[in-house]
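K.L.:
Hey, dropping query08.cif in here, mmCIF, C-alpha atoms and all ligand atoms:
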```
data_my_file
#
loop_
_atom_site.label_atom_id
_atom_site.label_comp_id
_atom_site.auth_asym_id
_atom_site.auth_seq_id
_atom_site.Cartn_x
_atom_site.Cartn_y
_atom_site.Cartn_z
CA MET A 175 266.21 171.59 64.06
CA PRO A 176 269.58 170.46 65.47
CA GLY A 177 269.70 167.40 67.75
CA ARG A 178 267.55 164.34 67.31
CA PRO A 179 263.80 164.52 66.71
CA PHE A 180 261.57 163.11 69.45
CA LEU A 181 259.62 160.35 67.73
CA GLN A 182 257.26 159.78 70.63
CA ILE A 183 254.50 157.98 68.72
CA PRO A 184 253.73 154.43 69.90
CA GLY A 185 255.86 152.90 67.16
CA PRO A 186 257.77 153.08 65.00
CA ALA A 187 260.20 154.26 67.65
CA LEU A 188 263.79 155.37 67.22
CA VAL A 189 265.93 152.54 65.89
CA PRO A 190 269.02 151.96 68.07
CA GLU A 191 272.40 152.72 66.49
CA ARG A 192 273.47 149.08 66.78
CA VAL A 193 270.50 148.03 64.68
CA VAL A 194 271.03 150.82 62.13
CA ARG A 195 274.64 149.74 61.71
CA ALA A 196 273.70 146.07 61.39
CA MET A 197 271.25 146.93 58.61
CA SER A 198 273.73 149.01 56.67
CA GLN A 199 276.03 146.10 55.77
CA SER A 200 276.23 144.74 52.22
CA LEU A 201 273.51 142.30 51.22
CA ILE A 202 274.21 138.59 51.00
CA ASP A 203 272.81 135.93 48.69
CA HIS A 204 269.41 134.97 50.11
CA ARG A 205 269.91 131.43 48.84
CA GLY A 206 273.39 130.97 50.26
CA PRO A 207 274.69 129.30 53.42
CA GLU A 208 275.34 132.59 55.23
CA PHE A 209 271.69 133.51 54.84
CA ALA A 210 270.58 130.10 56.15
CA GLY A 211 272.62 130.76 59.31
CA LEU A 212 271.08 134.22 59.71
CA LEU A 213 267.54 132.87 59.31
CA LYS A 214 268.14 130.06 61.79
CA GLU A 215 269.41 132.50 64.41
CA VAL A 216 266.54 134.96 63.89
CA LEU A 217 263.86 132.25 64.13
CA LYS A 218 265.44 130.93 67.32
CA GLY A 219 265.61 134.42 68.84
CA LEU A 220 261.99 135.13 67.95
CA LYS A 221 260.89 131.90 69.65
CA ASN A 222 262.50 133.18 72.84
CA VAL A 223 260.72 136.52 72.56
CA PHE A 224 257.32 134.88 71.96
CA GLN A 225 258.16 132.53 74.88
CA THR A 226 257.49 129.43 72.86
CA SER A 227 259.37 126.20 72.42
CA ASP A 228 256.52 124.44 70.65
CA GLY A 229 255.39 127.12 68.20
CA GLU A 230 256.63 127.74 64.66
CA ILE A 231 257.69 131.22 63.56
CA VAL A 232 256.85 132.62 60.14
CA LEU A 233 257.86 136.03 58.89
CA TYR A 234 256.99 137.88 55.71
CA PRO A 235 257.85 141.25 54.21
CA GLY A 236 254.77 143.24 55.22
CA SER A 237 253.28 145.10 58.17
CA GLY A 238 251.00 144.45 61.13
CA THR A 239 247.99 144.65 58.81
CA GLY A 240 249.56 141.97 56.64
CA ALA A 241 250.10 139.88 59.77
CA TRP A 242 246.34 140.04 60.52
CA GLU A 243 245.61 138.85 57.00
CA ALA A 244 248.22 136.08 57.13
CA CYS A 245 246.84 134.85 60.45
CA LEU A 246 243.23 134.80 59.25
CA VAL A 247 243.61 133.35 55.74
CA ASN A 248 245.77 130.48 56.95
CA THR A 249 243.42 129.36 59.71
CA LEU A 250 239.86 130.11 58.56
CA SER A 251 237.41 129.67 55.69
CA PRO A 252 234.88 132.10 54.20
CA GLY A 253 231.62 131.69 56.14
CA ASP A 254 233.35 130.71 59.39
CA HIS A 255 232.19 132.55 62.50
CA VAL A 256 234.66 134.26 64.85
CA LEU A 257 234.28 136.18 68.10
CA GLY A 258 235.91 139.57 67.53
CA CYS A 259 236.88 141.40 70.73
CA VAL A 260 236.76 145.12 69.96
CA ASN A 261 237.91 147.91 72.26
CA GLY A 262 239.48 150.39 69.89
CA HIS A 263 240.56 151.28 66.38
CA PHE A 264 243.05 148.46 65.74
CA SER A 265 240.87 145.67 67.15
CA ALA A 266 238.07 146.93 64.88
CA ARG A 267 240.42 146.76 61.89
CA PHE A 268 241.48 143.20 62.77
CA CYS A 269 237.77 142.31 62.56
CA GLN A 270 237.35 144.26 59.30
CA THR A 271 240.19 142.20 57.81
CA ALA A 272 238.24 139.06 58.72
CA SER A 273 235.01 140.44 57.22
CA ALA A 274 236.83 141.27 53.98
CA HIS A 275 237.51 137.54 53.62
CA GLY A 276 233.86 136.57 54.10
CA ILE A 277 234.38 135.56 57.72
CA GLN A 278 231.33 136.26 59.91
CA VAL A 279 232.45 138.39 62.86
CA ARG A 280 230.35 138.32 66.03
CA MET A 281 231.43 141.47 67.81
CA LEU A 282 232.11 141.62 71.52
CA GLU A 283 232.49 145.37 71.83
CA VAL A 284 233.41 147.35 74.95
CA PRO A 285 234.12 151.10 75.23
CA TYR A 286 237.47 152.65 74.28
CA GLY A 287 239.73 152.70 77.34
CA VAL A 288 238.61 149.32 78.72
CA GLY A 289 240.17 145.86 78.35
CA ILE A 290 238.11 142.87 77.17
CA PRO A 291 236.46 141.26 80.23
CA ALA A 292 237.21 137.53 80.26
CA ASP A 293 233.79 136.67 81.71
CA LEU A 294 232.07 138.23 78.68
CA VAL A 295 234.14 136.01 76.40
CA GLU A 296 233.15 133.00 78.48
CA GLU A 297 229.48 134.01 78.33
CA HIS A 298 229.56 134.33 74.52
CA LEU A 299 231.34 131.03 74.06
CA ARG A 300 228.94 129.19 76.39
CA THR A 301 225.99 130.25 74.23
CA ASP A 302 227.74 128.79 71.16
CA LYS A 303 226.68 125.24 71.93
CA ASN A 304 227.43 123.86 68.42
CA HIS A 305 230.89 125.37 68.38
CA GLN A 306 230.18 127.44 65.32
CA ILE A 307 232.75 130.00 66.46
CA LYS A 308 236.08 128.92 65.00
CA ALA A 309 238.32 131.58 66.56
CA VAL A 310 238.52 134.31 69.18
CA LEU A 311 240.30 137.47 67.98
CA ALA A 312 241.85 139.79 70.58
CA LEU A 313 244.58 142.39 71.02
CA HIS A 314 247.02 142.16 73.91
CA SER A 315 247.67 145.93 73.78
CA GLU A 316 245.16 148.15 71.94
CA THR A 317 247.51 150.84 70.64
CA SER A 318 244.72 153.32 69.90
CA THR A 319 243.74 153.55 73.57
CA GLY A 320 246.75 152.31 75.58
CA VAL A 321 244.79 149.43 77.10
CA THR A 322 245.99 145.91 77.76
CA THR A 323 243.67 142.94 77.85
CA ASN A 324 244.35 140.04 80.19
CA ILE A 325 245.18 137.39 77.58
CA ALA A 326 245.85 134.69 80.19
CA GLY A 327 242.40 135.46 81.63
CA ILE A 328 240.73 135.06 78.23
CA ARG A 329 242.51 131.74 77.75
CA GLU A 330 241.14 130.58 81.11
CA ALA A 331 237.66 131.76 80.11
CA MET A 332 237.86 129.78 76.86
CA ASP A 333 238.94 126.71 78.82
CA ARG A 334 236.17 127.18 81.40
CA ALA A 335 233.63 127.36 78.57
CA GLY A 336 235.16 124.15 77.15
CA HIS A 337 235.25 125.81 73.73
CA PRO A 338 237.67 124.57 71.03
CA ALA A 339 238.00 127.90 69.13
CA LEU A 340 241.43 128.99 68.01
CA PHE A 341 242.89 131.90 69.98
CA LEU A 342 244.33 134.54 67.59
CA VAL A 343 246.13 137.36 69.38
CA ASP A 344 247.60 140.62 68.09
CA VAL A 345 250.77 141.43 70.05
CA VAL A 346 251.90 144.28 67.79
CA SER A 347 252.36 146.78 70.61
CA SER A 348 253.16 144.34 73.41
CA LEU A 349 255.71 141.79 72.17
CA ALA A 350 259.21 142.38 73.54
CA SER A 351 257.85 145.13 75.85
CA ILE A 352 255.07 143.55 77.93
CA ASP A 353 255.17 139.96 79.20
CA PHE A 354 253.48 137.73 76.61
CA ARG A 355 253.59 133.93 76.92
CA PHE A 356 252.62 132.07 73.76
CA ASP A 357 252.96 128.52 75.10
CA GLU A 358 251.73 129.08 78.64
CA TRP A 359 248.62 130.97 77.51
CA LYS A 360 247.92 128.44 74.74
CA VAL A 361 247.69 131.07 72.03
CA ASP A 362 247.24 129.62 68.53
CA VAL A 363 248.53 132.50 66.43
CA ALA A 364 250.29 135.57 67.83
CA LEU A 365 251.12 138.25 65.30
CA THR A 366 253.25 141.37 65.24
CA GLY A 367 255.33 143.79 63.20
CA PRO A 368 258.97 144.72 63.82
CA GLN A 369 258.54 148.46 64.47
CA LYS A 370 257.65 148.48 68.15
CA GLY A 371 259.28 146.35 70.87
CA LEU A 372 261.55 144.71 68.30
CA MET A 373 263.12 148.14 67.64
CA LEU A 374 263.29 147.90 63.84
CA PRO A 375 261.94 150.04 61.04
CA PRO A 376 258.55 148.85 59.75
CA GLY A 377 258.45 146.27 56.96
CA MET A 378 257.67 142.81 58.31
CA ALA A 379 254.77 140.65 59.45
CA ILE A 380 255.79 138.11 62.11
CA LEU A 381 253.69 135.20 63.37
CA ALA A 382 254.04 132.49 66.01
CA ILE A 383 251.88 129.46 65.20
CA SER A 384 250.70 126.59 67.40
CA ARG A 385 250.34 122.96 66.28
CA LYS A 386 246.57 123.37 66.50
CA ALA A 387 246.72 126.36 64.12
CA LEU A 388 248.98 124.42 61.75
CA LYS A 389 246.42 121.61 61.71
CA ALA A 390 243.58 124.10 61.10
CA SER A 391 245.48 125.54 58.15
CA GLN A 392 245.30 122.18 56.35
CA SER A 393 241.52 122.54 55.96
CA ALA A 394 241.25 126.39 55.91
CA LYS A 395 239.76 127.50 52.59
CA CYS A 396 240.50 131.24 52.45
CA PRO A 397 242.31 131.88 49.15
CA ARG A 398 245.98 132.61 49.75
CA PHE A 399 249.26 132.64 47.89
CA PHE A 400 251.71 135.23 49.24
CA TRP A 401 250.41 134.77 52.79
CA ASP A 402 250.28 130.96 52.61
CA TRP A 403 252.55 129.88 55.44
CA ALA A 404 252.99 126.27 54.24
CA PRO A 405 255.62 127.04 51.53
CA VAL A 406 257.36 129.50 53.87
CA LEU A 407 257.70 126.84 56.57
CA GLU A 408 258.84 124.28 54.07
CA ARG A 409 261.51 126.53 52.51
CA ASN A 410 262.56 127.99 55.89
CA ALA A 411 263.45 124.46 56.97
CA ARG A 412 266.02 124.56 54.14
CA GLY A 413 267.27 128.00 55.19
CA GLU A 414 265.52 130.03 52.50
CA PHE A 415 262.24 131.70 51.45
CA PRO A 416 259.87 131.10 48.52
CA TYR A 417 260.42 134.75 47.53
CA THR A 418 263.03 137.49 48.02
CA PRO A 419 263.17 138.17 51.75
CA ALA A 420 263.79 141.53 53.46
CA THR A 421 267.44 140.67 54.11
CA ALA A 422 268.44 144.07 55.55
CA LEU A 423 265.61 143.90 58.09
CA LEU A 424 266.74 140.40 59.04
CA PHE A 425 270.24 141.76 59.73
CA GLY A 426 268.60 144.34 61.99
CA LEU A 427 266.36 141.77 63.64
CA LYS A 428 269.33 139.56 64.50
CA GLU A 429 270.93 142.55 66.25
CA SER A 430 267.77 143.65 68.08
CA LEU A 431 267.14 140.09 69.28
CA ALA A 432 270.72 140.02 70.58
CA MET A 433 270.08 143.30 72.43
CA LEU A 434 266.90 141.90 74.00
CA ALA A 435 268.74 138.73 75.05
CA GLU A 436 271.57 140.77 76.58
CA GLU A 437 269.16 142.88 78.62
CA GLY A 438 267.04 139.83 79.47
CA LEU A 439 263.29 139.73 78.82
CA PRO A 440 262.28 140.19 82.49
CA ASN A 441 264.44 143.35 82.61
CA VAL A 442 262.96 144.58 79.34
CA PHE A 443 259.45 144.18 80.80
CA ARG A 444 260.47 145.88 84.07
CA ARG A 445 262.04 148.82 82.22
CA HIS A 446 258.89 149.35 80.15
CA ASN A 447 256.76 149.17 83.29
CA ARG A 448 258.95 151.72 85.06
CA MET A 449 258.94 154.19 82.14
CA ALA A 450 255.19 153.80 81.72
CA GLU A 451 254.48 154.32 85.42
CA ALA A 452 256.65 157.46 85.46
CA CYS A 453 254.79 158.76 82.40
CA ARG A 454 251.36 158.07 83.92
CA ARG A 455 252.33 159.81 87.16
CA ALA A 456 253.59 162.80 85.18
CA VAL A 457 250.33 163.10 83.22
CA LEU A 458 248.24 162.96 86.40
CA ALA A 459 250.51 165.53 88.09
CA MET A 460 249.90 167.87 85.12
CA GLY A 461 246.23 167.70 86.10
CA LEU A 462 245.29 165.74 82.95
CA LYS A 463 243.30 162.48 82.76
CA LEU A 464 244.34 159.11 81.42
CA LEU A 465 241.96 157.45 78.96
CA VAL A 466 242.43 154.12 80.78
CA LYS A 467 240.62 154.12 84.09
CA ASN A 468 241.67 150.74 85.52
CA PRO A 469 245.39 150.93 86.47
CA ASP A 470 245.72 147.16 85.93
CA GLU A 471 244.80 147.65 82.27
CA CYS A 472 247.30 150.40 81.40
CA SER A 473 249.60 149.39 78.56
CA ASN A 474 253.28 149.81 79.35
CA THR A 475 254.17 150.79 75.78
CA LEU A 476 252.09 153.95 75.49
CA THR A 477 249.97 156.37 77.48
CA ALA A 478 246.73 157.82 76.08
CA VAL A 479 246.05 161.27 77.52
CA CYS A 480 242.62 162.97 77.43
CA MET A 481 242.77 166.46 75.98
CA PRO A 482 241.06 168.95 78.32
CA ASP A 483 237.61 170.15 77.22
CA GLY A 484 237.69 172.88 74.61
CA PHE A 485 241.00 171.77 73.07
CA ASP A 486 241.45 169.66 69.94
CA SER A 487 244.22 167.08 70.27
CA ASP A 488 245.01 167.02 66.53
CA ALA A 489 245.65 170.77 66.62
CA TYR A 490 247.77 170.34 69.76
CA ILE A 491 249.86 167.56 68.17
CA ALA A 492 250.52 169.77 65.12
CA HIS A 493 251.48 172.64 67.46
CA ALA A 494 253.90 170.43 69.45
CA HIS A 495 255.57 169.22 66.28
CA ARG A 496 255.82 172.69 64.80
CA HIS A 497 257.52 174.13 67.87
CA LEU A 498 259.68 171.33 69.31
CA GLU A 499 259.64 168.63 66.61
CA ILE A 500 258.15 166.17 69.04
CA SER A 501 255.81 163.65 67.37
CA LEU A 502 252.88 162.40 69.48
CA GLY A 503 250.26 159.83 68.46
CA PRO A 504 246.82 161.19 67.52
CA GLY A 505 243.42 159.93 68.68
CA LEU A 506 242.11 157.34 66.22
CA GLY A 507 238.55 156.23 65.50
CA LYS A 508 236.05 157.29 68.16
CA VAL A 509 238.60 159.37 70.11
CA LYS A 510 239.89 161.41 67.14
CA GLY A 511 240.65 164.95 68.33
CA LYS A 512 240.08 163.92 71.95
CA ILE A 513 243.31 162.25 73.05
CA PHE A 514 247.01 162.24 72.31
CA ARG A 515 249.29 159.27 72.86
CA ILE A 516 252.83 159.23 74.22
CA GLY A 517 254.86 156.23 73.12
CA HIS A 518 257.47 154.84 75.54
CA LEU A 519 258.64 151.63 73.99
CA GLY A 520 261.62 149.87 72.52
CA SER A 521 265.09 151.24 73.12
CA PHE A 522 264.11 153.99 75.56
CA ASN A 523 265.57 155.34 78.79
CA GLU A 524 264.91 157.71 81.68
CA LEU A 525 266.36 160.87 80.16
CA GLU A 526 264.54 160.30 76.88
CA LEU A 527 261.28 160.00 78.82
CA LEU A 528 262.02 163.18 80.77
CA GLY A 529 262.88 165.02 77.55
CA ALA A 530 259.60 163.91 76.01
CA LEU A 531 257.61 164.90 79.09
CA ALA A 532 259.28 168.31 79.17
CA GLY A 533 258.29 168.73 75.53
CA VAL A 534 254.69 167.77 76.32
CA GLU A 535 254.50 170.21 79.25
CA MET A 536 256.00 173.13 77.36
CA THR A 537 253.90 172.65 74.26
CA LEU A 538 250.67 172.14 76.24
CA LYS A 539 251.40 175.37 78.10
CA SER A 540 252.16 177.30 74.91
CA PHE A 541 249.02 175.81 73.33
CA GLY A 542 247.03 177.47 76.09
CA VAL A 543 246.31 174.52 78.38
CA ASN A 544 246.52 175.66 81.97
CA ILE A 545 248.96 173.17 83.52
CA PRO A 546 251.43 173.77 86.34
CA LEU A 547 254.76 173.90 84.48
CA GLY A 548 257.23 171.34 85.86
CA ALA A 549 254.74 169.36 87.96
CA GLY A 550 254.67 166.40 85.56
CA LEU A 551 258.44 166.33 85.23
CA ALA A 552 258.87 166.46 89.01
CA ALA A 553 256.47 163.54 89.48
CA ALA A 554 258.31 161.46 86.87
CA GLU A 555 261.73 162.35 88.28
CA SER A 556 260.66 161.52 91.78
CA TYR A 557 259.28 158.14 90.72
CA LEU A 558 262.38 157.31 88.67
CA LEU A 559 264.62 158.39 91.53
CA HIS A 560 262.93 156.14 94.04
CA SER A 561 261.97 153.09 92.01
CA ALA A 562 264.62 150.46 91.41
CA SER A 563 266.09 150.48 87.91
CA ASN A 564 267.27 147.25 86.33
CA THR A 565 270.61 147.55 88.04
CA GLY A 566 268.48 147.12 91.20
CA GLN A 567 269.89 150.26 92.72
CA GLY A 568 267.62 153.18 91.89
CA LEU A 569 269.69 156.27 91.13
C1 LIG B 1 247.93 146.74 67.80
C2 LIG B 1 248.16 147.00 66.34
N1 LIG B 1 247.81 146.07 65.46
C3 LIG B 1 248.01 146.25 64.15
C4 LIG B 1 248.57 147.40 63.65
C5 LIG B 1 248.74 147.57 62.19
O1 LIG B 1 250.11 147.51 61.88
P1 LIG B 1 250.70 148.19 60.57
O2 LIG B 1 250.41 149.64 60.66
O3 LIG B 1 252.17 147.85 60.66
O4 LIG B 1 250.05 147.55 59.40
C6 LIG B 1 248.99 148.38 64.54
C7 LIG B 1 249.64 149.61 64.06
O5 LIG B 1 250.07 150.44 64.82
C8 LIG B 1 248.77 148.18 65.92
O6 LIG B 1 249.14 149.09 66.81
#
```
Could you rewrite the structure in this file as structure tokens?
P.N.:
Amino acid sequence: MPGRPFLQIPGPALVPERVVRAMSQSLIDHRGPEFAGLLKEVLKGLKNVFQTSDGEIVLYPGSGTGAWEACLVNTLSPGDHVLGCVNGHFSARFCQTASAHGIQVRMLEVPYGVGIPADLVEEHLRTDKNHQIKAVLALHSETSTGVTTNIAGIREAMDRAGHPALFLVDVVSSLASIDFRFDEWKVDVALTGPQKGLMLPPGMAILAISRKALKASQSAKCPRFFWDWAPVLERNARGEFPYTPATALLFGLKESLAMLAEEGLPNVFRRHNRMAEACRRAVLAMGLKLLVKNPDECSNTLTAVCMPDGFDSDAYIAHAHRHLEISLGPGLGKVKGKIFRIGHLGSFNELELLGALAGVEMTLKSFGVNIPLGAGLAAAESYLLHSASNTGQGL
């Protein structure tokens, strides 16, 4: 099909031209001085994005799944207990990664579409009088449901319970899109991949690490070699890695961090909020339901839409792709076949959102769903027209 495909899954998203161009330059020696300069700049930029001055950054070739593993094996030992907050497919897999390493996961499970209530975390931690629980595992944005959890609220709950557990937070679909404050919220490890708010192709695992987590890693007994962050930190200090790094991705990351700095993080967060709100209004105006019921818990990087009764969302997604080459995220885990997800993250603007929404409306209609054609688009347009863009002027 001519024109660009609409990759409207919640990451990877379209990679901006500036980043593509930055990645297409010739490779450099990963043990040379030019590389040391590149690494220094990237680590500094990532600190800004994680909003940390105190934390250390470690990155590996890998993916978000690798980042879970890196986070767990560096901080915990087989037999340790953790509190695993589960509200969807990815939070369940974070816990499965822990179980695979012999870590005992005590599940705090809530239904799909709901954030993790901080008071439940507090309750669980208060019953753990001997402080057997070594870490709390949570996702800032559960990508399978489009729900955000109040991470600051969970931190406060942990403090109220007076519990010393480490706080390990997945920010894969929130970092660089939704306000996340590593230092202020006293997170011990925050982990992500590059393919969402950081606007890169997949291929990295990125962690921010607190002093407390660094200390824990000195006695953590999970076997590790590739994921061991100690040699990475040691060699990074000399401007290199203990293995061959993903140099082309680092070129891209330097560029995407520059783009984020130019826009300014508060503006990046506002833009994501505005696109997400326009999308949610459009979905409701189509007469469809959002999976997330509490508006305060809607993720600003994606919207999970309930498929009307009698329609299978997997079949709809295939239909939409066949006819307009628009890619939508499927329902995962317990909501397979029941929802579809619209991604609106990274380098993304008003007209791209409207194009995606038009594609959703047309393909729903041609799939046989009885929606009023144009109602969703009109709702989104009206919201975008009247809400202030980052220039502060509306349209
Ligand atoms: C919140 C979250 N965590 C972890 C992952 C796993 O990342 P990856 O697929 O890069 O391994 C994903 C993937 O989309 C995710 O959305």
K.L.:
Hey, can I get the axis-aligned box for ligand LIG 1 (chain B)? All listed atoms, 6 Å padding on each side, centre and edge lengths in Å to one decimal, as JSON.
P.N.:
```
{"center_x": 250.0, "center_y": 148.3, "center_z": 63.6, "size_x": 16.4, "size_y": 16.4, "size_z": 20.4}
```
K.L.:
Identify, on the basis of only C-alpha atoms, every residue whose closest approach to segment 202-214 of chain A does not exceed 9 Å; exclude the query and any residue fewer than 5 positions from it along the same chain; express the result as a CSV table (one decimal) with C-alpha atoms, keeping the file's coordinate frame.
P.N.:
```
chain,number,residue,atom,x,y,z
A,219,GLY,CA,265.6,134.4,68.8
A,410,ASN,CA,262.6,128.0,55.9
A,411,ALA,CA,263.4,124.5,57.0
A,412,ARG,CA,266.0,124.6,54.1
A,413,GLY,CA,267.3,128.0,55.2
A,414,GLU,CA,265.5,130.0,52.5
A,415,PHE,CA,262.2,131.7,51.4
A,418,THR,CA,263.0,137.5,48.0
A,419,PRO,CA,263.2,138.2,51.8
A,421,THR,CA,267.4,140.7,54.1
A,424,LEU,CA,266.7,140.4,59.0
A,425,PHE,CA,270.2,141.8,59.7
A,428,LYS,CA,269.3,139.6,64.5
```
K.L.:
Set the distance at 10 Å and use only C-alpha atoms: which residues neighbour segment 534-537 of chain A once local chain neighbours fewer than 5 positions away are removed? I'd like the list as a PyMOL selection string.
P.N.:
chain A and resi 456-457+460+490-491+493-498+500-502+516+528-529+542-543+545-551
K.L.:
What is the distance, in Å and to one decimal place, between atom C2 of ligand LIG 1 (chain B) and atom CA of Ala532 of chain A?
P.N.:
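So the answer is 27.2 Å.
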K.L.:
Using only C-alpha atoms, determine which residues lie at most 9 Å from Val442 of chain A, disregarding the query and same-chain residues fewer than 4 positions distant; provide the list as a PyMOL selection string.
P.N.:
chain A and resi 350-352+434+437-438+446-447+520+564
K.L.:
Go through A:Gln225, A:Thr323, A:Asn248, A:Gln270 and flag the residue nearest Phe354 of chain A, using only C-alpha atoms for the distances.
P.N.:
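So, comparing all the options, the nearest one is A:Gln225.
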K.L.:
Record the distance separating atom CA of Asp333 of chain A and atom CA of His263 of chain A, expressed in Å with one decimal.
P.N.:
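That distance, rounded to one decimal, is 27.6 Å.
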